[in-house]
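Asker: Pasting a structure below so you can have a look.
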Amino acid sequence: MAFRSLFTMPVVKADDEEELVDPQAALREKCQSKGHIESLYNKYQECNDRVNGRSKTTETCMEELFDYVAELDHCVAHSLFSKLK
């Protein structure tokens with residue numbers, strides 16, 4: 001039991017008055033409205049619709065998904081770390 005108490009996870013308690021907001025989620029919403037990221041999302045959705053409309057296909061939309069998520073994360077990374085406490 002003594003060994004287990006040495007390696008306990010720290011607990012973070014928030015004040016009851018302030019609600020925690022994830023800055024990454026807010027920044028992602030803001031970045032999604034940018035033109036080039038929105039067009040990547042539309043390409044991904046078009047691919048998804050195309051793939052889901054077929055019964056037998058080997059096509060996946062991984063490339064479109066990775067392009068979209070990488071660009072979104074790149075946009076968010078510019079200002080995310082300045083908002084962390």
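In the structure tokens, each chain is lettered A, B, ... as it comes, each chain's residues begin at 1, and ligands are numbered from 1 in order of appearance.
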Skip region 61-63 of chain A itself and residues of its chain fewer than 6 positions away, then list as a compact mmCIF listing (two decimals) with N, CA, C and O atoms, in the first residue's frame all residues within 7 Å of it, counting only C-alpha atoms.

Answerer:
# COMPACT_ATOMS: atom_id res chain seq x y z
N TYR A 44 -13.31 16.65 -47.82
CA TYR A 44 -13.47 15.45 -47.00
C TYR A 44 -14.92 14.98 -47.00
O TYR A 44 -15.19 13.79 -47.14
N CYS A 47 -15.81 13.35 -50.31
CA CYS A 47 -15.24 12.00 -50.37
C CYS A 47 -16.08 11.04 -49.53
O CYS A 47 -16.36 9.92 -49.97
N ASN A 48 -16.46 11.47 -48.34
CA ASN A 48 -17.28 10.63 -47.48
C ASN A 48 -18.60 10.28 -48.14
O ASN A 48 -19.04 9.12 -48.10

Asker: Tell me which protein, DNA and RNA residues are within 12 Å of Asp22 (chain A), counting only C-alpha atoms, leaving out same-chain ones fewer than 4 positions away, and put them as a PyMOL selection string.

Answerer: chain A and resi 26-29+80-81+83-85

Asker: Could the residues in this selection be saved with C-alpha atoms as a short mmCIF file (atom, residue, chain, number, x, y, z; two decimals), in the first residue's frame?

Answerer:
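The result, written out as out-v2.cif:
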data_model
loop_
_atom_site.label_atom_id
_atom_site.label_comp_id
_atom_site.auth_asym_id
_atom_site.auth_seq_id
_atom_site.Cartn_x
_atom_site.Cartn_y
_atom_site.Cartn_z
CA ALA A 26 -12.86 27.32 -29.15
CA LEU A 27 -9.86 27.85 -31.41
CA ARG A 28 -10.87 24.94 -33.65
CA GLU A 29 -14.29 26.49 -34.17
CA LEU A 80 -3.20 27.64 -28.32
CA PHE A 81 -0.15 27.65 -26.07
CA LYS A 83 -3.94 30.62 -23.81
CA LEU A 84 -2.86 27.78 -21.51
CA LYS A 85 -2.28 28.55 -17.85
#

Asker: Near Cys75 (chain A), counting only C-alpha atoms, which residues have an atom at most 9 Å away, once you skip same-chain residues fewer than 2 positions from it, shown as a list in words?

Answerer: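 Those residues are Leu27, Arg28, Cys31, Ile37, Ala70, Glu71, Leu72, Asp73, Ala77, His78 and Ser79 of chain A.
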
Asker: Please, what distance in Å, to one decimal, runs between CA of Val76 (chain A) and CA of Gln45 (chain A)?

Answerer: 21.0 Å

Asker: Work out how far CA of Val51 (chain A) is from CA of Asp67 (chain A), in Å to one decimal.

Answerer: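 Going from CA of Asp67 (chain A) over to CA of Val51 (chain A) covers 17.4 Å.
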
Asker: Which of these residues is nearest to His74 (chain A), using only C-alpha atoms: A:Gln24, A:Glu19, A:Arg50, A:Glu59?

Answerer: A:Gln24

Asker: Write out as a list in words all residues of region 16-58 of chain A that backbone DSSP assigns to helix (DSSP H, G or I).

Answerer: Pro23, Gln24, Ala25, Ala26, Leu27, Arg28, Glu29, Lys30, Cys31, Gln32, Gly35, His36, Ile37, Glu38, Ser39, Leu40, Tyr41, Asn42, Lys43, Tyr44, Gln45, Glu46, Cys47, Asn48, Asp49, Arg50, Val51 and Asn52 of chain A

Asker: Any chance you can output those residues with N, CA and C atoms as a short mmCIF file (atom, residue, chain, number, x, y, z; two decimals), in the first residue's frame?

Answerer:
data_model
loop_
_atom_site.label_atom_id
_atom_site.label_comp_id
_atom_site.auth_asym_id
_atom_site.auth_seq_id
_atom_site.Cartn_x
_atom_site.Cartn_y
_atom_site.Cartn_z
N PRO A 23 -9.69 25.73 -24.43
CA PRO A 23 -9.32 26.72 -25.44
C PRO A 23 -9.10 26.11 -26.82
N GLN A 24 -8.72 24.83 -26.86
CA GLN A 24 -8.50 24.19 -28.16
C GLN A 24 -9.81 24.07 -28.92
N ALA A 25 -10.88 23.72 -28.24
CA ALA A 25 -12.18 23.59 -28.91
C ALA A 25 -12.65 24.93 -29.46
N ALA A 26 -12.46 25.99 -28.68
CA ALA A 26 -12.86 27.32 -29.15
C ALA A 26 -12.03 27.76 -30.34
N LEU A 27 -10.73 27.48 -30.30
CA LEU A 27 -9.86 27.85 -31.41
C LEU A 27 -10.16 27.03 -32.66
N ARG A 28 -10.51 25.76 -32.48
CA ARG A 28 -10.87 24.94 -33.65
C ARG A 28 -12.11 25.48 -34.35
N GLU A 29 -13.09 25.91 -33.57
CA GLU A 29 -14.29 26.49 -34.17
C GLU A 29 -13.93 27.75 -34.96
N LYS A 30 -13.05 28.56 -34.40
CA LYS A 30 -12.64 29.79 -35.07
C LYS A 30 -11.87 29.48 -36.35
N CYS A 31 -10.97 28.50 -36.30
CA CYS A 31 -10.15 28.16 -37.46
C CYS A 31 -10.95 27.46 -38.56
N GLN A 32 -12.01 26.76 -38.19
CA GLN A 32 -12.82 26.05 -39.19
C GLN A 32 -13.48 27.00 -40.17
N GLY A 35 -11.16 30.09 -44.97
CA GLY A 35 -11.48 29.60 -46.30
C GLY A 35 -10.79 28.32 -46.71
N HIS A 36 -9.47 28.25 -46.53
CA HIS A 36 -8.75 27.06 -46.99
C HIS A 36 -9.07 25.84 -46.13
N ILE A 37 -9.33 26.03 -44.85
CA ILE A 37 -9.68 24.91 -43.98
C ILE A 37 -11.10 24.45 -44.27
N GLU A 38 -11.96 25.39 -44.54
CA GLU A 38 -13.34 25.04 -44.90
C GLU A 38 -13.39 24.26 -46.20
N SER A 39 -12.54 24.63 -47.16
CA SER A 39 -12.52 23.91 -48.43
C SER A 39 -11.97 22.49 -48.24
N LEU A 40 -11.00 22.32 -47.35
CA LEU A 40 -10.49 20.97 -47.06
C LEU A 40 -11.57 20.11 -46.40
N TYR A 41 -12.36 20.72 -45.52
CA TYR A 41 -13.46 20.00 -44.89
C TYR A 41 -14.50 19.60 -45.92
N ASN A 42 -14.80 20.49 -46.86
CA ASN A 42 -15.76 20.17 -47.92
C ASN A 42 -15.27 19.04 -48.80
N LYS A 43 -13.95 19.03 -49.10
CA LYS A 43 -13.38 17.92 -49.88
C LYS A 43 -13.54 16.60 -49.13
N TYR A 44 -13.31 16.65 -47.82
CA TYR A 44 -13.47 15.45 -47.00
C TYR A 44 -14.92 14.98 -47.00
N GLN A 45 -15.86 15.90 -46.87
CA GLN A 45 -17.28 15.52 -46.88
C GLN A 45 -17.71 14.96 -48.23
N GLU A 46 -17.22 15.55 -49.32
CA GLU A 46 -17.53 15.02 -50.65
C GLU A 46 -17.01 13.59 -50.80
N CYS A 47 -15.81 13.35 -50.31
CA CYS A 47 -15.24 12.00 -50.37
C CYS A 47 -16.08 11.04 -49.53
N ASN A 48 -16.46 11.47 -48.34
CA ASN A 48 -17.28 10.63 -47.48
C ASN A 48 -18.60 10.28 -48.14
N ASP A 49 -19.23 11.25 -48.76
CA ASP A 49 -20.50 11.01 -49.46
C ASP A 49 -20.31 10.03 -50.60
N ARG A 50 -19.21 10.19 -51.34
CA ARG A 50 -18.91 9.31 -52.47
C ARG A 50 -18.69 7.88 -51.99
N VAL A 51 -17.91 7.72 -50.93
CA VAL A 51 -17.61 6.38 -50.41
C VAL A 51 -18.85 5.74 -49.80
N ASN A 52 -19.63 6.50 -49.06
CA ASN A 52 -20.84 5.95 -48.44
C ASN A 52 -21.93 5.65 -49.47
#
